[in-house]
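*Asks:* Please find one structure pasted underneath; my questions will follow.
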Amino acid sequence: MYPAPVGHQCPECVKEQRQEFHRPAQRVDRSGRGLTLTNLILLSLVGMYAVEVAAGGPGSLVGGPTTSMLVRLGANVGLFQQSRGEIIGVATGEWWRLFSAMFLHAGLLHIAFNGYALYIVGGVVEQELGRWRFALLYAVTGFCASVASYAIGSPLEPSVGASGAIFGLFGVFFAYNYQRRHLAFYAARMRSMGTLIVINLILTFTIPQIDWRGHVGGLTTGIIGGLAVDGFGRRTSRTQVFVVTMVALAALAVAVTVWRTSVIRSQFPEVFG
């Protein structure tokens, strides 16, 4: 028996507890259903890519549809002139593009990489934080990523992809484990995710076709959201702190969108004059 502050502990009990501490957590479907929210999002991404291929023709299966077709389907773009001369885009009032772009992809490799990352990281985040927190984090980080792309990038260049929200989940996972870094298991996961984030950021800034603005916007929002998951102060108020933080981030993104729209409209008086 070992002396302890609350009495004595047997050696076998201590050994079992140490083994349990170093054993990774098992995934448990808390909802009692086989289809998780992560899988539903994956199915929606695959379904939208099927729509893209159907709209773009068989030749768009690997390389994706044309830019004009992606814009018609809901790509995130400030201004875009269609073949018939009509001007469309977020700056014209189509704010729904900041959400719809999250479900579109520019090619088979694009959706394959994003789908795999979402399946790996999204499943863990959903299992540990719960379905409603995961849904709120995914929606807000994806929205903020689209807003970052819209606010900083060229208003004439479309962007698509779920990678902004996925980078948001990267940030959530890193921050969530960072707050538990005093435990060996979470410290190891934090280091692994940190390495993965660095590698993906290097790729983001070295490959010209990748929208680094959306990735950085999603990652930053995800880190803030991950830190807010546990809240602070009394335990009974931590959920409210998390919700208020996410609402504040979404409200800030809306304000940035309004500002950027006014700037674009002033830059193109011939369109909005």
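Residues are referred to by chain and number: the chain letter is A, B, ... according to the order shown in the structure tokens, the number counts from 1 in that chain, and ligands are numbered separately from 1 in the order shown.
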Env of region 104-119 of chain A: 8 Å cut, atoms = only C-alpha atoms, seq-sep filter 2 positions within chain, self excluded. Answer as an mmCIF file with N, CA and C atoms, in the first residue's frame.

*Replies:*
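This is the output file selection23.cif:
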```
data_model
loop_
_atom_site.group_PDB
_atom_site.id
_atom_site.type_symbol
_atom_site.label_atom_id
_atom_site.label_comp_id
_atom_site.auth_asym_id
_atom_site.auth_seq_id
_atom_site.Cartn_x
_atom_site.Cartn_y
_atom_site.Cartn_z
ATOM 1 N N THR A 38 -20.028 15.083 -38.800
ATOM 2 C CA THR A 38 -18.868 15.092 -39.702
ATOM 3 C C THR A 38 -19.172 14.319 -40.980
ATOM 4 N N ASN A 39 -19.782 13.145 -40.844
ATOM 5 C CA ASN A 39 -20.139 12.346 -42.023
ATOM 6 C C ASN A 39 -21.201 13.033 -42.866
ATOM 7 N N LEU A 42 -19.441 15.597 -44.908
ATOM 8 C CA LEU A 42 -18.714 14.921 -45.988
ATOM 9 C C LEU A 42 -19.655 14.517 -47.118
ATOM 10 N N LEU A 45 -20.537 17.531 -49.143
ATOM 11 C CA LEU A 45 -19.450 17.941 -50.032
ATOM 12 C C LEU A 45 -19.399 17.059 -51.278
ATOM 13 N N VAL A 46 -19.538 15.744 -51.057
ATOM 14 C CA VAL A 46 -19.539 14.821 -52.198
ATOM 15 C C VAL A 46 -20.754 15.071 -53.087
ATOM 16 N N MET A 48 -22.388 17.897 -53.510
ATOM 17 C CA MET A 48 -22.218 19.129 -54.279
ATOM 18 C C MET A 48 -21.198 18.949 -55.398
ATOM 19 N N TYR A 49 -20.186 18.123 -55.160
ATOM 20 C CA TYR A 49 -19.225 17.887 -56.244
ATOM 21 C C TYR A 49 -19.892 17.113 -57.380
ATOM 22 N N GLU A 52 -21.555 19.637 -59.360
ATOM 23 C CA GLU A 52 -20.576 20.354 -60.180
ATOM 24 C C GLU A 52 -20.255 19.567 -61.453
ATOM 25 N N SER A 60 -15.272 17.461 -66.364
ATOM 26 C CA SER A 60 -14.985 18.214 -65.144
ATOM 27 C C SER A 60 -14.808 17.309 -63.928
ATOM 28 N N LEU A 61 -14.824 15.984 -64.140
ATOM 29 C CA LEU A 61 -14.728 15.061 -63.010
ATOM 30 C C LEU A 61 -13.414 15.222 -62.254
ATOM 31 N N VAL A 62 -12.307 15.326 -62.966
ATOM 32 C CA VAL A 62 -10.997 15.417 -62.323
ATOM 33 C C VAL A 62 -10.598 16.865 -62.074
ATOM 34 N N GLY A 63 -10.700 17.674 -63.102
ATOM 35 C CA GLY A 63 -10.246 19.060 -62.994
ATOM 36 C C GLY A 63 -11.271 20.028 -62.460
ATOM 37 N N GLY A 64 -12.503 19.573 -62.268
ATOM 38 C CA GLY A 64 -13.543 20.459 -61.784
ATOM 39 C C GLY A 64 -14.149 21.291 -62.895
ATOM 40 N N PRO A 65 -15.275 21.937 -62.637
ATOM 41 C CA PRO A 65 -15.920 22.763 -63.665
ATOM 42 C C PRO A 65 -15.144 24.056 -63.909
ATOM 43 N N LEU A 70 -18.390 27.550 -61.504
ATOM 44 C CA LEU A 70 -18.270 27.601 -60.044
ATOM 45 C C LEU A 70 -18.924 28.856 -59.482
ATOM 46 N N GLY A 74 -22.138 29.198 -56.809
ATOM 47 C CA GLY A 74 -22.047 29.820 -55.493
ATOM 48 C C GLY A 74 -20.660 30.114 -54.982
ATOM 49 N N ALA A 75 -19.661 30.267 -55.857
ATOM 50 C CA ALA A 75 -18.306 30.584 -55.412
ATOM 51 C C ALA A 75 -18.270 31.939 -54.722
ATOM 52 N N SER A 100 -22.022 29.307 -49.233
ATOM 53 C CA SER A 100 -22.109 28.294 -50.289
ATOM 54 C C SER A 100 -20.734 27.892 -50.818
ATOM 55 N N ALA A 101 -19.764 28.808 -50.796
ATOM 56 C CA ALA A 101 -18.424 28.488 -51.287
ATOM 57 C C ALA A 101 -17.759 27.395 -50.468
ATOM 58 N N MET A 102 -18.198 27.210 -49.220
ATOM 59 C CA MET A 102 -17.622 26.190 -48.349
ATOM 60 C C MET A 102 -17.935 24.775 -48.827
ATOM 61 N N VAL A 121 -9.798 14.979 -38.556
ATOM 62 C CA VAL A 121 -9.828 15.961 -37.469
ATOM 63 C C VAL A 121 -11.262 16.227 -36.999
ATOM 64 N N GLY A 122 -12.187 16.338 -37.947
ATOM 65 C CA GLY A 122 -13.562 16.637 -37.582
ATOM 66 C C GLY A 122 -14.182 15.597 -36.684
ATOM 67 N N GLY A 123 -13.887 14.329 -36.957
ATOM 68 C CA GLY A 123 -14.446 13.267 -36.128
ATOM 69 C C GLY A 123 -14.000 13.359 -34.687
ATOM 70 N N VAL A 160 -13.186 28.896 -53.629
ATOM 71 C CA VAL A 160 -14.092 27.831 -53.194
ATOM 72 C C VAL A 160 -13.333 26.874 -52.288
ATOM 73 N N GLY A 161 -14.068 26.066 -51.539
ATOM 74 C CA GLY A 161 -13.453 25.010 -50.759
ATOM 75 C C GLY A 161 -13.815 25.052 -49.289
ATOM 76 N N ALA A 162 -13.775 23.869 -48.668
ATOM 77 C CA ALA A 162 -14.048 23.743 -47.240
ATOM 78 C C ALA A 162 -12.793 23.901 -46.397
ATOM 79 N N SER A 163 -11.654 24.222 -47.028
ATOM 80 C CA SER A 163 -10.390 24.261 -46.298
ATOM 81 C C SER A 163 -10.353 25.356 -45.243
ATOM 82 N N ILE A 166 -11.881 23.800 -42.318
ATOM 83 C CA ILE A 166 -11.010 22.724 -41.846
ATOM 84 C C ILE A 166 -9.810 23.299 -41.101
#
```

*Asks:* Near Val71 (chain A), within 10 Å and counting only C-alpha atoms, which residues show up once chain neighbours fewer than 2 positions away are dropped, as a list in words?

*Replies:*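 The contact residues come out as Pro65, Thr66, Thr67, Ser68, Met69, Leu73, Gly74, Ala75, Asn76, Val77, Leu79, Phe80, Gln81, Gln82, Ile88, Gly89, Arg97, Ala101, Leu104, Pro158, Ser159 and Val160 of chain A.
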
*Asks:* Go ahead and write the selection's residues with C-alpha atoms as an mmCIF file, in the first residue's frame.

*Replies:*
```cif
data_model
loop_
_atom_site.group_PDB
_atom_site.id
_atom_site.type_symbol
_atom_site.label_atom_id
_atom_site.label_comp_id
_atom_site.auth_asym_id
_atom_site.auth_seq_id
_atom_site.Cartn_x
_atom_site.Cartn_y
_atom_site.Cartn_z
ATOM 1 C CA PRO A 65 -15.920 22.763 -63.665
ATOM 2 C CA THR A 66 -14.922 26.077 -65.213
ATOM 3 C CA THR A 67 -14.563 29.237 -63.144
ATOM 4 C CA SER A 68 -17.774 30.688 -64.535
ATOM 5 C CA MET A 69 -19.645 27.511 -63.602
ATOM 6 C CA LEU A 73 -23.015 27.502 -58.363
ATOM 7 C CA GLY A 74 -22.047 29.820 -55.493
ATOM 8 C CA ALA A 75 -18.306 30.584 -55.412
ATOM 9 C CA ASN A 76 -17.087 33.366 -53.130
ATOM 10 C CA VAL A 77 -16.359 36.360 -55.360
ATOM 11 C CA LEU A 79 -17.755 40.904 -58.493
ATOM 12 C CA PHE A 80 -18.105 38.688 -61.555
ATOM 13 C CA GLN A 81 -19.450 39.496 -65.004
ATOM 14 C CA GLN A 82 -21.341 36.656 -66.626
ATOM 15 C CA ILE A 88 -23.061 39.140 -59.730
ATOM 16 C CA GLY A 89 -21.118 38.589 -56.506
ATOM 17 C CA ARG A 97 -21.864 33.048 -51.274
ATOM 18 C CA ALA A 101 -18.424 28.488 -51.287
ATOM 19 C CA LEU A 104 -17.726 23.729 -53.600
ATOM 20 C CA PRO A 158 -13.367 33.581 -57.000
ATOM 21 C CA SER A 159 -12.527 31.141 -54.206
ATOM 22 C CA VAL A 160 -14.092 27.831 -53.194
#
```

*Asks:* Closest to Val125 (chain A) among A:Gly226, A:Gly194, A:Gly273, A:Pro58, using only C-alpha atoms?

*Replies:*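 Of the candidates, the smallest distance to Val125 (chain A) is held by A:Gly226.
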